[in-house]
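Here's data.txt, which has compact mmCIF, C-alpha atoms and all ligand atoms:
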# COMPACT_ATOMS: atom_id res chain seq x y z
CA MET A 28 119.50 27.58 -80.08
CA ASN A 29 119.80 24.91 -77.32
CA PRO A 30 117.01 25.12 -74.67
CA ILE A 31 118.25 26.73 -71.46
CA THR A 32 118.08 24.28 -68.47
CA PRO A 33 118.86 26.25 -65.30
CA ALA A 34 120.64 24.41 -62.46
CA LYS A 35 117.79 25.18 -60.03
CA GLY A 36 119.14 25.52 -56.49
CA LEU A 37 122.60 25.51 -58.09
CA LYS A 38 122.41 21.71 -57.74
CA GLY A 39 125.74 20.21 -58.73
CA VAL A 40 127.18 23.59 -59.78
CA VAL A 41 130.81 24.22 -58.77
CA VAL A 42 131.06 27.99 -58.19
CA ASP A 43 134.64 28.31 -56.86
CA THR A 44 137.50 26.44 -55.21
CA THR A 45 138.09 26.26 -51.45
CA LYS A 46 140.76 25.00 -49.06
CA LEU A 47 138.42 24.92 -46.06
CA CYS A 48 136.48 21.70 -46.38
CA LEU A 49 136.21 18.61 -48.53
CA ILE A 50 132.97 16.63 -48.67
CA ASP A 51 133.09 13.24 -50.41
CA ALA A 52 129.39 12.66 -51.11
CA GLU A 53 129.61 9.00 -52.11
CA ARG A 54 131.96 7.85 -49.35
CA GLY A 55 130.49 10.09 -46.64
CA VAL A 56 133.82 11.74 -45.88
CA LEU A 57 134.21 15.21 -44.33
CA VAL A 58 137.61 16.90 -44.07
CA TYR A 59 138.46 20.28 -42.51
CA ARG A 60 141.66 21.69 -44.12
CA GLY A 61 142.97 18.16 -44.73
CA TYR A 62 142.03 16.62 -41.38
CA ASP A 63 139.30 13.95 -41.26
CA ILE A 64 136.28 14.92 -39.13
CA HIS A 65 136.51 11.62 -37.21
CA ASP A 66 140.08 12.44 -36.11
CA LEU A 67 139.11 15.98 -35.12
CA ALA A 68 135.95 14.80 -33.29
CA THR A 69 138.01 12.21 -31.40
CA HIS A 70 141.18 14.16 -30.59
CA SER A 71 140.55 17.92 -31.01
CA ASN A 72 138.26 20.59 -29.53
CA PHE A 73 136.30 23.61 -30.77
CA GLU A 74 139.01 26.20 -30.16
CA GLU A 75 141.69 24.14 -31.92
CA VAL A 76 139.39 23.44 -34.91
CA ALA A 77 138.45 27.14 -35.09
CA TYR A 78 142.16 27.98 -35.22
CA LEU A 79 142.70 25.35 -37.94
CA LEU A 80 139.88 26.74 -40.11
CA LEU A 81 140.98 30.37 -39.67
CA TYR A 82 144.78 29.92 -39.92
CA SER A 83 145.00 26.86 -42.25
CA LYS A 84 147.04 24.80 -39.76
CA LEU A 85 146.79 23.17 -36.35
CA PRO A 86 148.23 25.52 -33.70
CA MET A 87 151.42 25.05 -31.70
CA ARG A 88 150.78 25.17 -27.95
CA LYS A 89 151.67 28.89 -27.67
CA GLU A 90 149.49 29.82 -30.69
CA TYR A 91 146.62 27.85 -29.21
CA GLU A 92 146.90 29.59 -25.85
CA CYS A 93 147.05 33.03 -27.51
CA PHE A 94 143.97 32.22 -29.59
CA CYS A 95 142.01 31.02 -26.55
CA GLU A 96 143.03 34.22 -24.72
CA GLN A 97 141.84 36.31 -27.68
CA LEU A 98 138.45 34.56 -27.50
CA ARG A 99 138.30 35.12 -23.72
CA GLN A 100 139.13 38.82 -24.13
CA ASN A 101 136.30 39.30 -26.62
CA ARG A 102 133.37 37.39 -25.12
CA SER A 103 131.59 40.39 -23.62
CA VAL A 104 128.86 42.23 -25.49
CA PRO A 105 128.50 46.05 -25.23
CA ASP A 106 125.72 47.31 -22.91
CA VAL A 107 123.85 48.93 -25.80
CA VAL A 108 123.52 45.52 -27.48
CA VAL A 109 122.33 43.94 -24.20
CA GLU A 110 119.71 46.72 -24.05
CA ILE A 111 118.57 45.89 -27.61
CA ILE A 112 118.31 42.20 -26.66
CA GLU A 113 116.25 43.21 -23.61
CA ARG A 114 113.91 45.29 -25.80
CA ILE A 115 113.26 42.41 -28.24
CA LYS A 116 113.63 39.49 -25.78
CA ASP A 117 110.23 38.00 -26.75
CA ALA A 118 111.30 37.58 -30.39
CA PRO A 119 112.56 34.21 -31.77
CA PRO A 120 116.19 33.59 -30.72
CA MET A 121 117.53 33.57 -34.28
CA ASP A 122 115.93 36.98 -34.92
CA VAL A 123 117.53 38.28 -31.70
CA LEU A 124 120.90 36.81 -32.72
CA ARG A 125 120.68 38.32 -36.19
CA THR A 126 119.68 41.73 -34.78
CA ALA A 127 122.42 41.70 -32.14
CA VAL A 128 125.12 40.91 -34.74
CA SER A 129 123.77 43.70 -36.91
CA ALA A 130 124.01 46.11 -33.96
CA LEU A 131 127.55 44.95 -33.17
CA GLY A 132 128.51 45.77 -36.75
CA ALA A 133 126.97 49.22 -36.49
CA ILE A 134 129.08 50.14 -33.47
CA ASP A 135 132.31 48.17 -34.01
CA PRO A 136 135.34 50.50 -33.70
CA ASP A 137 136.79 48.77 -36.80
CA SER A 138 133.54 49.06 -38.76
CA GLY A 139 135.12 51.14 -41.53
CA ASP A 140 138.19 48.91 -41.84
CA ASN A 141 137.78 45.93 -44.18
CA SER A 142 141.46 45.00 -44.30
CA SER A 143 142.28 41.30 -43.83
CA GLU A 144 143.70 41.99 -40.36
CA ALA A 145 140.64 43.94 -39.22
CA THR A 146 138.26 41.39 -40.76
CA LEU A 147 140.00 38.52 -38.99
CA ARG A 148 139.94 40.51 -35.72
CA LYS A 149 136.21 41.25 -36.10
CA GLY A 150 135.52 37.65 -37.11
CA ILE A 151 137.25 36.22 -34.03
CA LYS A 152 135.36 38.72 -31.90
CA LEU A 153 132.06 37.42 -33.33
CA ILE A 154 133.08 33.79 -32.68
CA ALA A 155 133.65 34.82 -29.06
CA GLN A 156 130.49 36.94 -28.73
CA LEU A 157 127.80 34.74 -30.31
CA PRO A 158 127.49 32.41 -27.28
CA THR A 159 127.20 35.47 -25.03
CA ILE A 160 124.38 36.90 -27.17
CA VAL A 161 122.40 33.63 -27.12
CA ALA A 162 122.93 33.03 -23.40
CA THR A 163 122.13 36.66 -22.52
CA HIS A 164 118.89 36.46 -24.49
CA GLU A 165 117.87 33.28 -22.65
CA ARG A 166 118.58 34.88 -19.25
CA LEU A 167 116.72 38.11 -20.06
CA ARG A 168 113.63 36.42 -21.50
CA ARG A 169 113.43 34.32 -18.30
CA GLY A 170 113.58 37.53 -16.24
CA LEU A 171 117.10 36.75 -15.00
CA LYS A 172 120.18 38.97 -14.97
CA PRO A 173 122.75 38.17 -17.68
CA VAL A 174 125.82 36.26 -16.45
CA GLU A 175 129.22 37.68 -17.35
CA PRO A 176 131.57 35.30 -19.24
CA ASN A 177 133.86 33.25 -16.99
CA PRO A 178 137.49 33.51 -18.17
CA LYS A 179 138.37 30.27 -16.41
CA LEU A 180 136.03 28.21 -18.62
CA SER A 181 136.44 26.92 -22.18
CA HIS A 182 134.34 28.33 -25.01
CA ALA A 183 131.76 25.55 -24.77
CA ALA A 184 131.67 25.37 -20.96
CA ASN A 185 131.33 29.13 -20.75
CA PHE A 186 128.20 29.07 -22.92
CA LEU A 187 126.42 26.69 -20.56
CA TYR A 188 127.72 28.70 -17.57
CA MET A 189 126.34 31.98 -18.95
CA MET A 190 123.02 30.31 -19.74
CA ARG A 191 122.58 28.55 -16.39
CA GLY A 192 124.52 30.74 -13.95
CA LYS A 193 126.63 27.78 -12.80
CA PRO A 194 129.43 25.78 -14.41
CA PRO A 195 128.44 22.64 -16.37
CA THR A 196 129.86 19.19 -15.69
CA GLU A 197 132.92 18.22 -17.70
CA GLU A 198 130.78 15.77 -19.67
CA GLU A 199 128.22 18.45 -20.56
CA ALA A 200 130.97 20.86 -21.65
CA LYS A 201 132.52 18.13 -23.79
CA ALA A 202 129.12 17.43 -25.39
CA ILE A 203 128.66 21.08 -26.40
CA ASP A 204 132.27 21.30 -27.53
CA LEU A 205 131.83 18.31 -29.85
CA ASP A 206 128.53 19.67 -31.15
CA LEU A 207 130.12 23.04 -32.00
CA LEU A 208 133.12 21.33 -33.61
CA LEU A 209 130.88 19.15 -35.80
CA HIS A 210 128.83 22.17 -36.88
CA ALA A 211 131.85 24.43 -37.52
CA GLU A 212 132.14 24.11 -41.28
CA HIS A 213 130.46 22.38 -44.22
CA SER A 214 131.58 23.93 -47.53
CA SER A 215 129.03 25.90 -49.59
CA ASN A 216 125.87 25.13 -47.61
CA ALA A 217 123.13 27.74 -48.04
CA SER A 218 124.23 29.95 -45.14
CA ALA A 219 127.93 29.84 -46.04
CA PHE A 220 127.01 30.69 -49.64
CA ALA A 221 124.95 33.65 -48.37
CA VAL A 222 128.07 34.79 -46.50
CA ARG A 223 130.19 34.44 -49.65
CA VAL A 224 127.69 36.32 -51.83
CA THR A 225 127.62 39.20 -49.34
CA ALA A 226 131.41 39.21 -48.91
CA SER A 227 131.83 39.17 -52.70
CA THR A 228 130.25 42.65 -52.87
CA LEU A 229 133.00 43.75 -50.38
CA ALA A 230 130.38 44.43 -47.70
CA ASP A 231 131.90 44.06 -44.21
CA ILE A 232 132.15 40.85 -42.18
CA HIS A 233 129.24 41.77 -39.89
CA ALA A 234 126.97 42.20 -42.93
CA ALA A 235 128.13 38.84 -44.28
CA ILE A 236 127.49 37.08 -40.94
CA VAL A 237 124.02 38.64 -40.67
CA ALA A 238 123.29 37.14 -44.12
CA GLY A 239 124.51 33.74 -42.92
CA ILE A 240 122.35 33.85 -39.78
CA ALA A 241 119.33 34.86 -41.86
CA ALA A 242 119.82 31.91 -44.24
CA LEU A 243 120.50 29.36 -41.48
CA LYS A 244 117.12 29.99 -39.83
CA GLY A 245 115.09 28.08 -42.43
CA PRO A 246 113.82 24.51 -41.62
CA LEU A 247 115.48 23.14 -44.75
CA HIS A 248 118.85 24.16 -43.29
CA GLY A 249 119.54 25.00 -39.65
CA GLY A 250 115.96 24.83 -38.44
CA ALA A 251 115.75 21.05 -38.90
CA ALA A 252 116.93 20.13 -35.37
CA GLU A 253 113.90 21.83 -33.78
CA ALA A 254 111.59 20.16 -36.31
CA VAL A 255 113.13 16.77 -35.44
CA ALA A 256 112.50 17.40 -31.73
CA ASP A 257 108.84 18.25 -32.49
CA MET A 258 108.61 15.06 -34.55
CA ALA A 259 110.08 12.90 -31.75
CA LEU A 260 107.54 14.33 -29.29
CA GLU A 261 104.68 13.82 -31.82
CA VAL A 262 105.68 10.19 -32.47
CA GLY A 263 105.94 9.68 -28.70
CA SER A 264 107.32 6.14 -28.62
CA PRO A 265 109.48 3.75 -30.70
CA GLU A 266 106.45 1.57 -31.35
CA ARG A 267 104.71 4.37 -33.27
CA ALA A 268 107.71 5.33 -35.41
CA TYR A 269 107.12 2.97 -38.32
CA GLU A 270 103.45 3.98 -38.81
CA TYR A 271 104.30 7.67 -38.44
CA VAL A 272 107.02 7.53 -41.11
CA ARG A 273 104.85 5.46 -43.45
CA GLU A 274 101.92 7.90 -43.20
CA LYS A 275 104.13 10.98 -43.58
CA LEU A 276 105.92 9.63 -46.65
CA ALA A 277 102.57 8.58 -48.13
CA ARG A 278 101.54 12.25 -47.84
CA LYS A 279 104.76 13.15 -49.67
CA GLU A 280 105.99 15.01 -46.57
CA ARG A 281 109.65 15.25 -45.60
CA ILE A 282 111.09 13.58 -42.51
CA MET A 283 113.25 16.26 -40.90
CA GLY A 284 116.84 15.31 -40.13
CA PHE A 285 117.11 13.13 -43.23
CA GLY A 286 118.46 13.78 -46.69
CA HIS A 287 121.19 16.05 -47.87
CA ARG A 288 121.99 18.05 -50.99
CA VAL A 289 125.45 16.51 -51.16
CA TYR A 290 125.79 13.28 -49.14
CA ARG A 291 124.55 10.12 -50.82
CA THR A 292 125.35 8.06 -47.76
CA GLU A 293 125.30 8.71 -44.01
CA ASP A 294 126.49 12.19 -42.98
CA PRO A 295 129.77 11.35 -41.17
CA ARG A 296 128.85 13.78 -38.38
CA ALA A 297 125.71 11.80 -37.57
CA ARG A 298 127.57 8.87 -35.97
CA HIS A 299 129.14 11.18 -33.36
CA MET A 300 125.79 12.87 -32.69
CA ARG A 301 124.04 9.48 -32.37
CA GLU A 302 126.67 8.23 -29.92
CA LEU A 303 126.54 11.44 -27.86
CA ALA A 304 122.72 11.35 -27.75
CA LYS A 305 122.89 7.70 -26.62
CA VAL A 306 125.33 8.48 -23.79
CA LEU A 307 123.32 11.47 -22.56
CA SER A 308 120.00 9.62 -22.75
CA GLU A 309 121.41 6.63 -20.82
CA LYS A 310 122.88 8.98 -18.22
CA SER A 311 119.54 10.76 -17.83
CA GLY A 312 117.63 7.48 -17.49
CA ASP A 313 115.07 8.79 -20.02
CA LYS A 314 115.75 6.63 -23.08
CA ARG A 315 112.39 7.18 -24.72
CA ILE A 316 113.34 10.09 -26.99
CA PHE A 317 116.57 8.49 -28.16
CA GLU A 318 114.90 5.12 -28.77
CA THR A 319 112.12 6.87 -30.70
CA LEU A 320 114.74 8.55 -32.91
CA LEU A 321 116.48 5.20 -33.45
CA ALA A 322 113.14 3.68 -34.47
CA ILE A 323 112.49 6.54 -36.92
CA GLU A 324 115.94 6.03 -38.39
CA GLU A 325 115.17 2.31 -38.77
CA ALA A 326 111.83 3.08 -40.44
CA MET A 327 113.62 5.40 -42.90
CA LYS A 328 116.11 2.70 -43.99
CA PRO A 329 114.21 1.91 -47.27
CA LEU A 330 114.92 5.50 -48.46
CA GLN A 331 118.64 4.79 -48.31
CA SER A 332 118.24 3.27 -51.78
CA LYS A 333 117.38 6.85 -52.92
CA GLY A 334 120.44 8.26 -51.15
CA ILE A 335 118.40 9.58 -48.23
CA TYR A 336 120.20 9.01 -44.91
CA VAL A 337 120.24 10.66 -41.51
CA ASN A 338 122.00 14.03 -41.45
CA VAL A 339 123.79 16.09 -38.79
CA ASP A 340 120.57 17.58 -37.45
CA PHE A 341 118.70 14.38 -36.60
CA TYR A 342 120.25 13.59 -33.21
CA CYS A 343 121.47 17.01 -32.05
CA GLY A 344 118.01 18.03 -30.82
CA CYS A 345 118.13 15.04 -28.47
CA ILE A 346 121.54 16.24 -27.18
CA TYR A 347 120.29 19.78 -26.60
CA TYR A 348 117.18 18.44 -24.83
CA PHE A 349 119.32 16.62 -22.26
CA LEU A 350 121.49 19.74 -21.83
CA GLY A 351 118.39 21.78 -21.00
CA ILE A 352 118.68 24.06 -24.02
CA PRO A 353 115.26 25.48 -25.00
CA LYS A 354 113.90 24.01 -28.27
CA ASP A 355 113.63 27.40 -30.03
CA MET A 356 117.37 27.87 -29.41
CA TYR A 357 118.44 24.66 -31.19
CA VAL A 358 119.08 26.53 -34.44
CA CYS A 359 121.19 29.06 -32.52
CA MET A 360 123.43 26.18 -31.41
CA PHE A 361 124.07 25.48 -35.08
CA ALA A 362 125.12 29.15 -35.53
CA LEU A 363 127.48 29.01 -32.51
CA GLY A 364 129.46 26.35 -34.37
CA ARG A 365 129.02 27.55 -37.94
CA ILE A 366 130.17 31.11 -37.18
CA VAL A 367 133.72 29.76 -37.60
CA GLY A 368 133.04 28.42 -41.10
CA TRP A 369 131.23 31.62 -42.04
CA VAL A 370 134.20 33.79 -40.96
CA ALA A 371 136.62 31.48 -42.79
CA HIS A 372 134.49 31.56 -45.97
CA ALA A 373 134.26 35.37 -45.83
CA LEU A 374 138.06 35.61 -45.50
CA GLU A 375 138.55 33.14 -48.37
CA GLN A 376 136.14 35.13 -50.54
CA TYR A 377 137.73 38.51 -49.72
CA ASN A 378 141.22 37.14 -50.39
CA ASP A 379 140.45 36.03 -53.96
CA ASN A 380 137.29 37.85 -54.81
CA VAL A 381 135.08 38.00 -57.89
CA LEU A 382 131.58 39.45 -57.42
CA ILE A 383 129.08 36.55 -57.27
CA ARG A 384 126.37 37.37 -59.78
CA PRO A 385 124.84 34.39 -61.65
CA LEU A 386 122.29 34.61 -64.46
CA LEU A 387 118.54 33.99 -64.52
CA HIS A 388 117.06 32.86 -67.81
CA TYR A 389 114.15 35.19 -68.67
CA ASP A 390 111.13 33.24 -69.94
CA GLY A 391 108.50 35.97 -69.57
CA PRO A 392 106.69 37.99 -72.33
CA THR A 393 108.56 40.44 -74.61
CA ASN A 394 107.70 43.25 -77.07
CA LEU A 395 104.56 44.34 -75.15
CA ARG A 396 103.22 47.78 -76.14
CA TYR A 397 102.71 50.24 -73.23
CA ILE A 398 99.04 51.29 -72.90
CA PRO A 399 98.25 54.43 -70.85
CA MET A 400 96.34 53.54 -67.62
CA ASP A 401 93.01 55.13 -68.64
CA GLU A 402 93.02 53.15 -71.91
CA ARG A 403 93.66 49.68 -70.33
C1 LIG A 501 121.84 20.85 -43.05
O1 LIG A 501 124.13 21.83 -47.27
C2 LIG A 501 124.69 21.50 -46.14
O2 LIG A 501 125.79 21.18 -46.09
C3 LIG A 501 123.71 21.60 -44.97
C4 LIG A 501 124.25 21.05 -43.66
C5 LIG A 501 125.39 21.90 -43.14
O3 LIG A 501 126.14 21.38 -42.36
O4 LIG A 501 125.36 23.16 -43.44
O5 LIG A 501 124.66 19.72 -43.82
C6 LIG A 501 123.18 21.09 -42.56
O6 LIG A 501 121.19 21.82 -43.39
C7 LIG A 501 121.32 19.44 -43.13
C8 LIG A 501 119.91 19.36 -43.76
C9 LIG A 501 118.88 19.73 -42.69
N1 LIG A 501 117.56 19.73 -43.30
C10 LIG A 501 116.68 18.75 -43.13
O7 LIG A 501 116.92 17.74 -42.49
C11 LIG A 501 115.33 19.01 -43.79
C12 LIG A 501 114.84 17.73 -44.48
N2 LIG A 501 115.70 17.44 -45.60
C13 LIG A 501 115.23 17.83 -46.92
O8 LIG A 501 114.31 18.85 -47.02
C14 LIG A 501 116.26 17.68 -48.02
O9 LIG A 501 116.86 16.46 -47.87
C15 LIG A 501 117.30 18.75 -48.19
C16 LIG A 501 116.71 20.09 -48.27
C17 LIG A 501 118.28 18.68 -47.08
C18 LIG A 501 118.05 18.45 -49.50
O10 LIG A 501 117.09 18.44 -50.49
P1 LIG A 501 117.51 18.50 -52.05
O11 LIG A 501 118.95 18.21 -52.24
O12 LIG A 501 116.98 19.78 -52.62
O13 LIG A 501 116.77 17.25 -52.60
P2 LIG A 501 115.27 17.26 -53.11
O14 LIG A 501 114.44 18.17 -52.24
O15 LIG A 501 115.30 17.51 -54.58
O16 LIG A 501 114.82 15.76 -52.81
C19 LIG A 501 115.21 14.70 -53.71
C20 LIG A 501 114.21 13.58 -53.46
C21 LIG A 501 112.75 14.08 -53.49
O17 LIG A 501 111.96 12.99 -53.88
P3 LIG A 501 111.33 12.98 -55.39
O18 LIG A 501 110.50 14.27 -55.47
O19 LIG A 501 112.55 13.00 -56.31
O20 LIG A 501 110.52 11.71 -55.44
O21 LIG A 501 114.41 13.06 -52.14
C22 LIG A 501 113.22 13.28 -51.36
C23 LIG A 501 112.44 14.37 -52.04
O22 LIG A 501 111.07 14.25 -51.77
N3 LIG A 501 113.64 13.72 -50.02
C24 LIG A 501 113.04 13.37 -48.90
C25 LIG A 501 113.76 14.00 -47.87
N4 LIG A 501 114.76 14.70 -48.41
C26 LIG A 501 114.69 14.52 -49.74
N5 LIG A 501 111.95 12.59 -48.67
C27 LIG A 501 111.60 12.47 -47.35
N6 LIG A 501 112.24 13.04 -46.32
C28 LIG A 501 113.32 13.79 -46.54
N7 LIG A 501 113.95 14.37 -45.52
Show me the file's structure as structure tokens.
Ligand code: SDX
Amino acid sequence: MNPITPAKGLKGVVVDTTKLCLIDAERGVLVYRGYDIHDLATHSNFEEVAYLLLYSKLPMRKEYECFCEQLRQNRSVPDVVVEIIERIKDAPPMDVLRTAVSALGAIDPDSGDNSSEATLRKGIKLIAQLPTIVATHERLRRGLKPVEPNPKLSHAANFLYMMRGKPPTEEEAKAIDLDLLLHAEHSSNASAFAVRVTASTLADIHAAIVAGIAALKGPLHGGAAEAVADMALEVGSPERAYEYVREKLARKERIMGFGHRVYRTEDPRARHMRELAKVLSEKSGDKRIFETLLAIEEAMKPLQSKGIYVNVDFYCGCIYYFLGIPKDMYVCMFALGRIVGWVAHALEQYNDNVLIRPLLHYDGPTNLRYIPMDER
């Protein structure tokens, strides 16, 4: 019999088809439902891209306005969930986010209805509510009253408004909007796969999103942005970048924000993040962090021969820093964008479902005789 060679980490394994997102690993191309990410990053916004991912087409003006209104109508979070956030406000933000979504699922009036219509309705509600949860947590843990969503502001602007208590500048809102758009979807990444596995058992959308949030938290996935920020502070200046990278690689340690399971060239999202970080750092007058990141990227160039390039997470920490977002909330920013992809993956899984249940090859002992405890 041929030896079994498991595809550890499901590397290179195609588990299903999808119409959500195409990633061309060799050419560094990312497409959401047929539209190139560079076109969407240049011409679109988060709400329009969310509509595209959920409804498989770009909206007409009326459809877009109705969708934005549906998000506005659903931004608030029930008092009982705010109370839960208050009770656990000293916990890590991703744990608070995961717990709050779990609580929302427990009390949702549609919780027993897993029809496509109800699932889409609950999914859009979660897209609208996640920014409110994260902003409310930040206010409460700083001893401030939560700020109610502002219906006059866009999805991205409203997040900064609820976090700060005053509207952001147009440039800041645009920065967050682009960040959320670039994080919205990325095929079967670990968190989206966790969503699909959970949805494949026909558990409800809240359960599936809780699974996605849980998976995203890890530093090998969504947690990388915070680790990059820690690295930039540890390196301290562009002059120290080369030595830092050399020593770290010599210790066989990973440089966060680099490498990717799929891309074998630069992550196409990184160029937009790099440009945004550059603009914000120049505007702030504090170029040190950005120039340190550029120097780290330069020092990592030799690894490009192994297919290791900068990924989406490398520059976004720098963006969040200039927007005053606390470092332990960087991974939450990833979730505020990816919630759209998670909802779209859950809907895609429900609509053409087969339970996801792969095999593990057993290579332990067999035919052991049971010996009663007192005779062992
Ligand atoms: C995201 O999947 C997605 O789509 C994710 C994402 C999305 O949008 O959802 O794109 C977002 O999660 C981006 C990735 C964020 N994570 C990080 O930046 C953490 C650092 N990166 C790595 O840990 C790593 O690159 C992974 C986890 C992202 C991918 O690792 P793989 O595919 O499992 O590859 P591997 O661990 O087998 O590494 C292959 C080789 C190894 O060298 P050898 O042992 O073969 O000599 O490449 C090396 C690794 O040591 N390597 C790195 C490295 N990443 C891989 N060496 C140094 N620094 C790194 N960052």
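The smallest atom-to-atom distance between Leu205 in chain A and any of A:Phe73, A:Tyr347, A:Tyr377, A:Tyr59, using all atoms listed in the file, is found for A:Phe73.
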Discussion item. What does the structure give for the distance between CA of Pro353 in chain A and CA of Asp204 in chain A, in Å to one decimal?
Written reply: 17.7 Å
Practice prompt. Around ligand LIG 501 (chain A), at most 8 Å away and counting only C-alpha atoms and all ligand atoms, which residues are there? Put them as a PyMOL selection string, please.
Written response: chain A and resi 36+38+210+212-219+243+246-252+276+279-289+294+330+333-335+337-341+365
Produce a table with one row for each residue of range 152-209 of chain A that has an atom at most 10 Å from any atom of range 298-309 of chain A, each row naming the nearest atom pair and its distance in Å at one decimal; use all atoms listed in the file; arrange rows by chain and rising residue number; format as JSON lines.
{"residue": "A:Glu198", "atom": "CA", "partner": "A:Leu307", "partner_atom": "CA", "distance": 9.1}
{"residue": "A:Glu199", "atom": "CA", "partner": "A:Leu307", "partner_atom": "CA", "distance": 8.8}
{"residue": "A:Lys201", "atom": "CA", "partner": "A:Leu303", "partner_atom": "CA", "distance": 9.9}
{"residue": "A:Ala202", "atom": "CA", "partner": "A:Leu303", "partner_atom": "CA", "distance": 7.0}
{"residue": "A:Ile203", "atom": "CA", "partner": "A:Leu303", "partner_atom": "CA", "distance": 10.0}
{"residue": "A:Leu205", "atom": "CA", "partner": "A:His299", "partner_atom": "CA", "distance": 8.4}
{"residue": "A:Asp206", "atom": "CA", "partner": "A:Met300", "partner_atom": "CA", "distance": 7.5}
{"residue": "A:Leu209", "atom": "CA", "partner": "A:His299", "partner_atom": "CA", "distance": 8.5}
Item to complete: One decimal, Å: what's the distance from CA of Ile154 in chain A over to CA of Gly368 in chain A, could you say?
Response: 10.0 Å
Discussion item. Quick check, in Å to one decimal: how far apart do CA of Val109 in chain A and CA of His182 in chain A lie?
Written reply: 19.7 Å
Worksheet item: Which of these, A:Val237, A:Leu67, A:Ala183, A:Ile398, has the shortest distance to Ala373 in chain A once you count all atoms listed in the file?
Response: A:Val237
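You can rank A:Val41, A:Ile346, A:Tyr271, A:Ala371 by their closest distance to Arg60 in chain A using all atoms listed in the file, and at the top of that list sits A:Ala371.
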Worksheet item: Any idea what's packed within 8 Å of Leu124 in chain A, counting only C-alpha atoms, ignoring anything in its chain fewer than 2 positions away? Could you give it as a ChimeraX atom specification?
Response: /A:120-122,126-128,157,160-161,240,359
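Using only C-alpha atoms, the shortest contact distance between Glu270 in chain A and any of A:Arg168, A:Glu325, A:Tyr357, A:Tyr82 is found at A:Glu325.
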Response to the item:
In terms of only C-alpha atoms, the residue from A:Pro119, A:Pro194, A:Gly312, A:Pro105 at minimal distance from His164 in chain A is A:Pro119
Discussion item. Just want the 9 Å neighbourhood of Lys46 in chain A, counted on only C-alpha atoms, with same-chain residues fewer than 2 positions away dropped. Output as a list in words.
Written reply: Thr44, Cys48, Leu49, Tyr59, Arg60, Gly61, Ser83 and Glu375 of chain A
For the residues selected in the previous step, produce a file with C-alpha atoms as a compact mmCIF listing (two decimals), in the frame of the given file.
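Everything below was put into again_2.txt:
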# COMPACT_ATOMS: atom_id res chain seq x y z
CA THR A 44 137.50 26.44 -55.21
CA CYS A 48 136.48 21.70 -46.38
CA LEU A 49 136.21 18.61 -48.53
CA TYR A 59 138.46 20.28 -42.51
CA ARG A 60 141.66 21.69 -44.12
CA GLY A 61 142.97 18.16 -44.73
CA SER A 83 145.00 26.86 -42.25
CA GLU A 375 138.55 33.14 -48.37
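The protein and nucleic acid residues lying at most 8 Å from Ile366 in chain A are A:Leu153, A:Ile154, A:Ala211, A:Ile236, A:Ala362, A:Leu363, A:Gly364, A:Gly368, A:Trp369, A:Val370, with all atoms listed in the file considered and sequence neighbours fewer than 2 positions away removed.
Nearest residue to Met189 in chain A among A:Cys345, A:Ala130, A:Ala162, A:Met356 is A:Ala162, counting only C-alpha atoms.
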Once you add 4 Å to each side, what are the centre and edge lengths of the axis-aligned box holding all listed atoms of range 215-227 of chain A? One decimal in Å, as JSON, if you can.
{"center_x": 127.5, "center_y": 32.2, "center_z": -48.9, "size_x": 16.7, "size_y": 22.1, "size_z": 15.6}
